[in-house]
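First the structure, in the form of structure tokens, and then the observations on it.
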Amino acid sequence: MASGWTNRGKFAMLDYFCRGTDPLPVSVFKLALVKTTPDQDDNTFADVTEVAAGNGYTAGGETVNQNATDWDVLTEDDTNDRALCQIKDIVWTASGGDLPSDSAGATFAILTDDNGTQSARNIFFWWDLGGARVVSDTQTLTIQDAEIRINHV
Amino acid sequence: MFDALSQCTPEDRPNASRKWYAVAASALYPATIARILECLDGDGYPSELVGDRGNIDVDPNAAARMYLSRARALNSRAWRDALEEPNPRHGAARAAERAAALEIARGWFTRAIKLRVENPGLHILADRTYRLAP
């Protein structure tokens with residue numbers, strides 16, 4: 001699964017790690033589905049287009065808490081000189097019709113903060129879903145073993 | 001049954017909020033790739049990847065299906081290459097297939113561990129043979 005940090009995400013992580021940002025850049029994350037291609041220069045939710053809400057998908061996405069339960073595996077990889085953190089399984093169940101409700105498939109998932117103004121939410125990381133994903137009524141769309149990683153030699 | 005945890009050694013980390021396990025890359029990759037190839041030749045789902053960790057919304061077979069699908073997309077050369085050091089003479093496409101095989105194996109192994117241990121930490125020890133790139 002192709003994936004990457006946005007520059008806003010890199011900044012937020014370093015700001016938190018090096019400067020002990022107060023307030024924290026995020027205490028609750030959101031994992032949202034979008035239908036445009038994010039890149040490293042996308043800063044906020046306003047830079048991407050979310051899938052249609054309804055039929056089991058709530059605008060803004062699903063909550064991922066900042067704890068060891070929701071970030072359920074941490075890996076220190078000395079073979080490839082990197083560290084990875086994995087998110088718990090996130091599931092959307094289509095209810096009452098297709099999900100997304102306009103049948104325009106989700107192509108990427110993005111990790112954001114939970115700012116009350118959705119368009120202002122920072123985008124930290126993105127994952128390519130490998131195609132436009134649409135599920136029919138009662139079917140599930142599941143994001144499994146999505147990882148964020150830091151590689152630097 | 002493939003027992004990923006048996007390849008690991010508990011690792012003591014003071015003040016750690018997780019249980020940490022160390023695993024040699026030379027154990028992780030050959031054992032997992034052998035298991036993947038065994039599953040590609042067989043029927044059904046690999047039992048070590050089946051489970052929902054208590055989340056009733058999760059299809060317990062979904063992860064197994066995902067990893068098998070990814071594994072089936074690779075040719076046998078990629079799996080052979082994955083067990084040898086990265087070769088700079090191989091072209092970009094072949095190198096990418098080898099890397100994909102290694103990443104599928106690591107993901108498979110990690111999934112198997114997290115279905116056995118709650119919120120684990122995994123420490124993969126250094127071994128140049130299994131680097132994704134030279």
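Each chain in the structure tokens gets a letter, A, B and so on, in the order shown; residues start at 1 in every chain, and ligands are counted from 1 in the order they appear.
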
Find the spatial neighbours of Ala25 (chain B), counting only C-alpha atoms, within a cut-off of 12 Å - ignore same-chain residues fewer than 5 positions away - and output them as a tab-separated table (two decimals) with C-alpha atoms, in the first residue's frame.
chain	number	residue	atom	x	y	z
A	76	GLU	CA	11.65	-0.83	15.23
A	77	ASP	CA	13.25	-2.21	12.08
A	78	ASP	CA	17.05	-2.34	12.19
A	79	THR	CA	17.20	-4.26	8.92
A	80	ASN	CA	15.69	-1.37	6.99
B	7	GLN	CA	10.47	-16.84	16.31
B	8	CYS	CA	10.64	-13.97	18.80
B	30	PRO	CA	12.52	-17.24	5.60
B	31	ALA	CA	9.93	-18.72	7.95
B	32	THR	CA	7.17	-16.38	6.86
B	33	ILE	CA	7.93	-16.71	3.16
B	82	ALA	CA	13.44	-11.97	-1.28
B	83	LEU	CA	15.60	-14.61	0.38
B	102	LEU	CA	9.55	-8.71	1.83
B	105	ALA	CA	6.09	-11.15	4.64
B	106	ARG	CA	6.73	-8.54	7.33
B	109	PHE	CA	4.31	-11.81	10.46
B	122	LEU	CA	8.36	-5.62	17.44
B	123	HIS	CA	12.10	-5.17	17.09
B	124	ILE	CA	13.46	-6.56	13.81
B	125	LEU	CA	17.20	-7.04	14.18
B	126	ALA	CA	19.68	-5.88	11.56
B	127	ASP	CA	20.49	-8.14	8.63
B	128	ARG	CA	21.58	-6.76	5.28
B	129	THR	CA	20.30	-9.77	3.37
B	130	TYR	CA	16.73	-8.68	3.89
B	131	ARG	CA	17.06	-4.99	3.15
B	132	LEU	CA	14.46	-3.66	0.75

request  = Name the residues in contact with Ala4 (chain B) at a cut-off of 10 Å, using only C-alpha atoms, excluding same-chain residues fewer than 3 positions from it; report them as a PyMOL selection string.
outcome  = chain B and resi 1+7-8+23+27-28+31-32+48+108-114+116

Got time to write the residues from that selection, N, CA and C atoms, as an mmCIF file, in the first residue's frame?
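What ended up in part.cif:
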data_model
loop_
_atom_site.group_PDB
_atom_site.id
_atom_site.type_symbol
_atom_site.label_atom_id
_atom_site.label_comp_id
_atom_site.auth_asym_id
_atom_site.auth_seq_id
_atom_site.Cartn_x
_atom_site.Cartn_y
_atom_site.Cartn_z
ATOM 1 N N MET B 1 0.306 -25.212 12.564
ATOM 2 C CA MET B 1 0.015 -23.772 12.509
ATOM 3 C C MET B 1 1.320 -22.982 12.584
ATOM 4 N N GLN B 7 9.247 -17.368 16.936
ATOM 5 C CA GLN B 7 10.470 -16.843 16.311
ATOM 6 C C GLN B 7 11.061 -15.681 17.124
ATOM 7 N N CYS B 8 10.292 -15.210 18.088
ATOM 8 C CA CYS B 8 10.645 -13.972 18.804
ATOM 9 C C CYS B 8 11.186 -14.262 20.196
ATOM 10 N N VAL B 23 13.092 -10.040 16.990
ATOM 11 C CA VAL B 23 13.115 -11.153 16.053
ATOM 12 C C VAL B 23 14.250 -10.922 15.060
ATOM 13 N N ALA B 27 15.217 -15.074 10.780
ATOM 14 C CA ALA B 27 14.155 -15.986 11.207
ATOM 15 C C ALA B 27 12.818 -15.536 10.607
ATOM 16 N N LEU B 28 12.557 -14.246 10.731
ATOM 17 C CA LEU B 28 11.265 -13.714 10.273
ATOM 18 C C LEU B 28 11.003 -14.006 8.797
ATOM 19 N N ALA B 31 11.045 -17.945 7.404
ATOM 20 C CA ALA B 31 9.929 -18.720 7.955
ATOM 21 C C ALA B 31 8.596 -18.226 7.406
ATOM 22 N N THR B 32 8.453 -16.911 7.321
ATOM 23 C CA THR B 32 7.171 -16.379 6.860
ATOM 24 C C THR B 32 6.981 -16.617 5.373
ATOM 25 N N GLU B 48 -3.305 -18.291 11.299
ATOM 26 C CA GLU B 48 -2.625 -17.293 12.138
ATOM 27 C C GLU B 48 -3.052 -15.862 11.812
ATOM 28 N N TRP B 108 2.571 -9.865 7.165
ATOM 29 C CA TRP B 108 1.955 -11.157 7.549
ATOM 30 C C TRP B 108 2.419 -11.527 8.955
ATOM 31 N N PHE B 109 3.716 -11.454 9.162
ATOM 32 C CA PHE B 109 4.306 -11.809 10.458
ATOM 33 C C PHE B 109 3.767 -10.885 11.559
ATOM 34 N N THR B 110 3.726 -9.595 11.260
ATOM 35 C CA THR B 110 3.269 -8.616 12.255
ATOM 36 C C THR B 110 1.808 -8.862 12.623
ATOM 37 N N ARG B 111 1.003 -9.138 11.602
ATOM 38 C CA ARG B 111 -0.414 -9.419 11.853
ATOM 39 C C ARG B 111 -0.562 -10.655 12.749
ATOM 40 N N ALA B 112 0.232 -11.671 12.461
ATOM 41 C CA ALA B 112 0.164 -12.897 13.267
ATOM 42 C C ALA B 112 0.548 -12.614 14.715
ATOM 43 N N ILE B 113 1.531 -11.748 14.905
ATOM 44 C CA ILE B 113 1.934 -11.396 16.277
ATOM 45 C C ILE B 113 0.826 -10.621 16.974
ATOM 46 N N LYS B 114 0.229 -9.675 16.285
ATOM 47 C CA LYS B 114 -0.744 -8.834 16.992
ATOM 48 C C LYS B 114 -2.062 -9.553 17.264
ATOM 49 N N ARG B 116 -1.894 -12.463 18.549
ATOM 50 C CA ARG B 116 -1.532 -13.253 19.732
ATOM 51 C C ARG B 116 -1.255 -12.377 20.948
#

Given a cut-off of 9 Å, which residues of chain A touch chain B, counting only C-alpha atoms, written out as an mmCIF file with N, CA and C atoms, in the first residue's frame?
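Heads up, here's the output in result29.cif:
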data_model
loop_
_atom_site.group_PDB
_atom_site.id
_atom_site.type_symbol
_atom_site.label_atom_id
_atom_site.label_comp_id
_atom_site.auth_asym_id
_atom_site.auth_seq_id
_atom_site.Cartn_x
_atom_site.Cartn_y
_atom_site.Cartn_z
ATOM 1 N N ALA A 68 -1.974 3.400 22.734
ATOM 2 C CA ALA A 68 -1.403 2.138 22.264
ATOM 3 C C ALA A 68 -2.470 1.163 21.777
ATOM 4 N N THR A 69 -3.722 1.425 22.114
ATOM 5 C CA THR A 69 -4.784 0.543 21.638
ATOM 6 C C THR A 69 -5.099 0.819 20.179
ATOM 7 N N ASP A 70 -5.209 2.083 19.838
ATOM 8 C CA ASP A 70 -5.577 2.424 18.460
ATOM 9 C C ASP A 70 -4.366 2.421 17.529
ATOM 10 N N TRP A 71 -3.182 2.613 18.080
ATOM 11 C CA TRP A 71 -1.923 2.449 17.306
ATOM 12 C C TRP A 71 -1.339 1.146 17.827
ATOM 13 N N ASP A 72 -1.823 0.058 17.258
ATOM 14 C CA ASP A 72 -1.700 -1.196 17.996
ATOM 15 C C ASP A 72 -0.408 -1.987 17.791
ATOM 16 N N VAL A 73 0.431 -1.608 16.857
ATOM 17 C CA VAL A 73 1.753 -2.245 16.761
ATOM 18 C C VAL A 73 2.795 -1.180 16.453
ATOM 19 N N LEU A 74 3.879 -1.277 17.175
ATOM 20 C CA LEU A 74 5.014 -0.390 16.932
ATOM 21 C C LEU A 74 6.183 -1.286 16.523
ATOM 22 N N THR A 75 6.866 -0.915 15.451
ATOM 23 C CA THR A 75 7.984 -1.740 14.975
ATOM 24 C C THR A 75 9.247 -0.905 14.856
ATOM 25 N N GLU A 76 10.324 -1.432 15.418
ATOM 26 C CA GLU A 76 11.646 -0.835 15.226
ATOM 27 C C GLU A 76 12.411 -1.790 14.318
ATOM 28 N N ASP A 77 12.713 -1.326 13.111
ATOM 29 C CA ASP A 77 13.248 -2.209 12.079
ATOM 30 C C ASP A 77 14.704 -1.857 11.797
ATOM 31 N N ASP A 78 15.620 -2.601 12.403
ATOM 32 C CA ASP A 78 17.051 -2.341 12.191
ATOM 33 C C ASP A 78 17.529 -2.849 10.836
ATOM 34 N N THR A 79 16.810 -3.770 10.244
ATOM 35 C CA THR A 79 17.200 -4.261 8.921
ATOM 36 C C THR A 79 17.024 -3.174 7.873
ATOM 37 N N ASN A 80 15.958 -2.414 7.988
ATOM 38 C CA ASN A 80 15.691 -1.371 6.990
ATOM 39 C C ASN A 80 15.785 0.045 7.558
ATOM 40 N N ASP A 81 16.341 0.166 8.749
ATOM 41 C CA ASP A 81 16.628 1.478 9.341
ATOM 42 C C ASP A 81 15.404 2.386 9.338
ATOM 43 N N ASP A 89 -7.592 -1.865 12.984
ATOM 44 C CA ASP A 89 -8.493 -2.003 11.838
ATOM 45 C C ASP A 89 -9.622 -0.974 11.935
ATOM 46 N N ILE A 90 -9.858 -0.284 10.836
ATOM 47 C CA ILE A 90 -10.950 0.688 10.768
ATOM 48 C C ILE A 90 -11.969 0.172 9.756
ATOM 49 N N VAL A 91 -13.229 0.101 10.172
ATOM 50 C CA VAL A 91 -14.265 -0.518 9.344
ATOM 51 C C VAL A 91 -15.412 0.448 9.106
ATOM 52 N N TRP A 92 -15.840 0.532 7.861
ATOM 53 C CA TRP A 92 -17.093 1.203 7.532
ATOM 54 C C TRP A 92 -18.033 0.145 6.952
ATOM 55 N N THR A 93 -19.272 0.140 7.406
ATOM 56 C CA THR A 93 -20.266 -0.803 6.884
ATOM 57 C C THR A 93 -21.326 -0.037 6.116
ATOM 58 N N THR A 140 -18.610 -4.344 3.925
ATOM 59 C CA THR A 140 -17.713 -3.515 4.721
ATOM 60 C C THR A 140 -16.507 -3.065 3.908
ATOM 61 N N THR A 142 -12.784 -1.981 4.837
ATOM 62 C CA THR A 142 -11.896 -2.074 6.003
ATOM 63 C C THR A 142 -10.490 -1.618 5.639
ATOM 64 N N GLN A 144 -6.911 -2.098 6.880
ATOM 65 C CA GLN A 144 -6.203 -2.997 7.797
ATOM 66 C C GLN A 144 -4.703 -2.803 7.697
ATOM 67 N N ASP A 145 -4.082 -2.806 8.869
ATOM 68 C CA ASP A 145 -2.617 -2.778 8.969
ATOM 69 C C ASP A 145 -2.006 -1.569 8.268
#

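Considering the residues A:Asp98, A:Glu62, A:Asp128, A:Asp113 and counting only C-alpha atoms, Gly4 (chain A) has its shortest atom-to-atom contact with A:Asp128.
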
key: Contacts of Thr138 (chain A) at 10 Å (only C-alpha atoms; same-chain gap of 4+ positions) as a list in words   = Asn55, Gly56, Trp92, Thr93, Ala94, Ser95, Gly96, Gly97, Asp98 and Leu99 of chain A

Expected file: the selected residues, C-alpha atoms, as a short mmCIF file (atom, residue, chain, number, x, y, z; two decimals), in the first residue's frame:
data_model
loop_
_atom_site.label_atom_id
_atom_site.label_comp_id
_atom_site.auth_asym_id
_atom_site.auth_seq_id
_atom_site.Cartn_x
_atom_site.Cartn_y
_atom_site.Cartn_z
CA ASN A 55 -24.90 5.14 4.03
CA GLY A 56 -22.46 4.43 6.86
CA TRP A 92 -17.09 1.20 7.53
CA THR A 93 -20.27 -0.80 6.88
CA ALA A 94 -22.51 0.29 4.03
CA SER A 95 -26.07 0.79 5.21
CA GLY A 96 -28.99 1.71 2.99
CA GLY A 97 -27.02 1.67 -0.27
CA ASP A 98 -23.55 2.07 -1.66
CA LEU A 99 -20.73 3.50 0.41
#

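In this structure, CA of Ala106 (chain A) sits 20.6 Å away from CA of Ala120 (chain A).
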
Close residues, Glu147 (chain A) itself excluded, 7 Å, only C-alpha atoms, min 4 positions apart in chain, as a count of residues only = 4

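Considering the residues B:Glu11, B:Asp43, B:Glu84, B:Asp3 and counting only C-alpha atoms, Ala101 (chain B) has its shortest atom-to-atom contact with B:Glu84.
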
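With CA of Ser27 (chain A) on one side and CA of Arg13 (chain B) on the other, the separation reads 25.0 Å.
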
task = Determine the nearest neighbour of Ala132 (chain A) from the options A:Thr58, A:Lys35, A:Arg82, A:Ala109, counting only C-alpha atoms.
result = A:Lys35

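Across the model, the gap from CA of Arg77 (chain B) to CA of Ala92 (chain B) is 14.1 Å.
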
key: Selection near Asp114 (chain A), 8 Å with only C-alpha atoms, sequence-local residues under 6 positions removed, as a VMD selection string   = chain A and resid 26 28 to 30 121

message = What parts of chain A does DSSP call alpha helix (DSSP H)? I'd like the answer as number ranges by chain.
response = A: 7-19

Given the selection you just returned, output its residues as a file containing N, CA and C atoms, formatted as an mmCIF file, in the first residue's frame.
data_model
loop_
_atom_site.group_PDB
_atom_site.id
_atom_site.type_symbol
_atom_site.label_atom_id
_atom_site.label_comp_id
_atom_site.auth_asym_id
_atom_site.auth_seq_id
_atom_site.Cartn_x
_atom_site.Cartn_y
_atom_site.Cartn_z
ATOM 1 N N ASN A 7 4.007 17.233 4.177
ATOM 2 C CA ASN A 7 5.002 18.071 4.856
ATOM 3 C C ASN A 7 4.445 18.629 6.163
ATOM 4 N N ARG A 8 3.121 18.863 6.195
ATOM 5 C CA ARG A 8 2.496 19.306 7.431
ATOM 6 C C ARG A 8 2.635 18.237 8.510
ATOM 7 N N GLY A 9 2.527 16.994 8.099
ATOM 8 C CA GLY A 9 2.686 15.896 9.045
ATOM 9 C C GLY A 9 4.107 15.817 9.586
ATOM 10 N N LYS A 10 5.087 15.970 8.698
ATOM 11 C CA LYS A 10 6.491 15.946 9.145
ATOM 12 C C LYS A 10 6.746 17.080 10.126
ATOM 13 N N PHE A 11 6.229 18.249 9.788
ATOM 14 C CA PHE A 11 6.407 19.401 10.655
ATOM 15 C C PHE A 11 5.785 19.146 12.031
ATOM 16 N N ALA A 12 4.546 18.659 12.033
ATOM 17 C CA ALA A 12 3.841 18.458 13.309
ATOM 18 C C ALA A 12 4.586 17.460 14.183
ATOM 19 N N MET A 13 5.093 16.403 13.551
ATOM 20 C CA MET A 13 5.804 15.391 14.325
ATOM 21 C C MET A 13 7.075 15.973 14.946
ATOM 22 N N LEU A 14 7.841 16.716 14.160
ATOM 23 C CA LEU A 14 9.084 17.282 14.684
ATOM 24 C C LEU A 14 8.805 18.365 15.720
ATOM 25 N N ASP A 15 7.762 19.138 15.480
ATOM 26 C CA ASP A 15 7.411 20.185 16.431
ATOM 27 C C ASP A 15 7.075 19.566 17.790
ATOM 28 N N TYR A 16 6.357 18.468 17.730
ATOM 29 C CA TYR A 16 5.965 17.778 18.954
ATOM 30 C C TYR A 16 7.175 17.131 19.621
ATOM 31 N N PHE A 17 7.990 16.435 18.821
ATOM 32 C CA PHE A 17 9.107 15.671 19.361
ATOM 33 C C PHE A 17 10.204 16.595 19.882
ATOM 34 N N CYS A 18 10.543 17.609 19.116
ATOM 35 C CA CYS A 18 11.699 18.438 19.457
ATOM 36 C C CYS A 18 11.341 19.591 20.385
ATOM 37 N N ARG A 19 10.151 20.119 20.231
ATOM 38 C CA ARG A 19 9.821 21.335 20.959
ATOM 39 C C ARG A 19 8.717 21.139 21.985
#

ask   = DSSP on the backbone: what in region 35-153 of chain A comes out strand (DSSP E or B), as a count of residues only?
value = 52

Do a neighbour search on Pro46 (chain B) at 10 Å with only C-alpha atoms, toss out local chain neighbours closer than 4 positions, and write the hits as a PDB file with C-alpha atoms, in the first residue's frame.
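Saved file result-v1.pdb follows:
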ATOM      1  CA  MET B   1       0.015 -23.772  12.509  1.00  0.00           C
ATOM      2  CA  PHE B   2       2.563 -21.057  11.814  1.00  0.00           C
ATOM      3  CA  ARG B  35       4.520 -20.205   5.181  1.00  0.00           C
ATOM      4  CA  ILE B  36       3.183 -17.859   2.491  1.00  0.00           C
ATOM      5  CA  GLU B  38       2.641 -23.103   1.586  1.00  0.00           C
ATOM      6  CA  CYS B  39      -0.618 -21.146   1.815  1.00  0.00           C
ATOM      7  CA  LEU B  40      -0.506 -20.162  -1.854  1.00  0.00           C
ATOM      8  CA  GLY B  42      -3.278 -24.721  -0.408  1.00  0.00           C
ATOM      9  CA  VAL B  50      -7.811 -15.116  11.156  1.00  0.00           C
ATOM     10  CA  ASN B  61     -10.992 -13.409   7.385  1.00  0.00           C
ATOM     11  CA  ALA B  63      -6.717  -9.691   6.708  1.00  0.00           C
ATOM     12  CA  ALA B  64      -5.991 -13.219   5.539  1.00  0.00           C
ATOM     13  CA  ARG B  65      -7.775 -12.469   2.282  1.00  0.00           C
ATOM     14  CA  TYR B  67      -2.414 -10.799   2.420  1.00  0.00           C
ATOM     15  CA  LEU B  68      -3.173 -13.812   0.228  1.00  0.00           C
ATOM     16  CA  TRP B 108       1.955 -11.157   7.549  1.00  0.00           C
ATOM     17  CA  ALA B 112       0.164 -12.897  13.267  1.00  0.00           C
TER      18      ALA B 112
END
